[in-house]
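Some notes on the structure that comes next.
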Amino acid sequence: MVTKNTSLFRLRNLAALLVTLSGVGQVAMLWFRPLTGEAVIDAVIGIVYIIIGIGLQGQSRFTLFVAIAVPATVAGLIVNSEPLETMASLQRTRVALDAAVMLCAAIVLAKTES
């Protein structure tokens with residue numbers, strides 16, 4: 001039987017997995033593209049995502065807020081700089097992962113007792 005706490009734990013772990021995979025992918029892109037300022041900024045964002053993923057393994061509500069705010073900001077900046085229709089598939093995937101992380105973190109945050 002799946003209890004409320006078990007499903008929230010799984011959802012939190014899903015958010016942690018998604019944000020960590022996104023972060024690792026962003027850092028790994030350093031090896032596949034020219035080393036520019038944009039590439040370094042993406043790698044730093046990737047490191048922040050990995051730290052968020054580690055934080056989501058704990059019980060802190062603050063990490064849930066951060067897991068909503070940081071991906072929302074990054075996705076907003078990406079969509080603001082280039083319309084979704086003209087984005088490359090990797091950029092669309094990145095925005096979709098950010099949206100999934102925000103959704104998972106928001107659901108866990110809403111269902112968590114204070």
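Going through the structure tokens in order, the chains are called A, B, and so on, while each chain numbers its residues from 1 and the ligands are numbered from 1 in the order shown.
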
If we count only C-alpha atoms, what is near Val19 (chain A) at a cut-off of 7 Å, once residues fewer than 4 positions away on the same chain are taken out, given as a CSV table (one decimal) with C-alpha atoms, in the first residue's frame?
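So the final result, stored in part_1.csv, reads:
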```csv
chain,number,residue,atom,x,y,z
A,15,ALA,CA,12.5,15.8,-9.0
A,23,GLY,CA,22.8,19.5,-14.3
A,49,TYR,CA,21.2,22.1,-10.5
A,50,ILE,CA,23.4,19.2,-9.1
A,53,GLY,CA,19.4,17.6,-6.6
A,101,VAL,CA,11.1,19.6,-11.8
```

For Glu113 (chain A), work out the shell of residues within 12 Å, counting only C-alpha atoms and skipping chain neighbours fewer than 4 positions away, then give it as a ChimeraX atom specification.
-> /A:4-5,8,59-61,107-109

Can you write just those residues out, C-alpha atoms, as an mmCIF file, in the first residue's frame?
```cif
data_model
loop_
_atom_site.group_PDB
_atom_site.id
_atom_site.type_symbol
_atom_site.label_atom_id
_atom_site.label_comp_id
_atom_site.auth_asym_id
_atom_site.auth_seq_id
_atom_site.Cartn_x
_atom_site.Cartn_y
_atom_site.Cartn_z
ATOM 1 C CA LYS A 4 0.866 9.806 1.192
ATOM 2 C CA ASN A 5 4.396 10.125 2.575
ATOM 3 C CA LEU A 8 5.641 12.409 -1.807
ATOM 4 C CA GLN A 59 13.799 16.853 4.040
ATOM 5 C CA SER A 60 14.201 20.635 3.769
ATOM 6 C CA ARG A 61 11.290 22.687 2.472
ATOM 7 C CA ILE A 107 3.246 19.304 -5.628
ATOM 8 C CA VAL A 108 5.491 18.057 -2.810
ATOM 9 C CA LEU A 109 5.632 21.534 -1.289
#
```

Which of these, A:Ala69, A:Leu21, A:Val79, A:Leu11, has the shortest distance to Leu97 (chain A) once you count only C-alpha atoms?
->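 Closest to Leu97 (chain A), using only C-alpha atoms: A:Leu21.
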
Separation of CA of Ala39 (chain A) and CA of Ala88 (chain A), in Å?
-> 15.7 Å
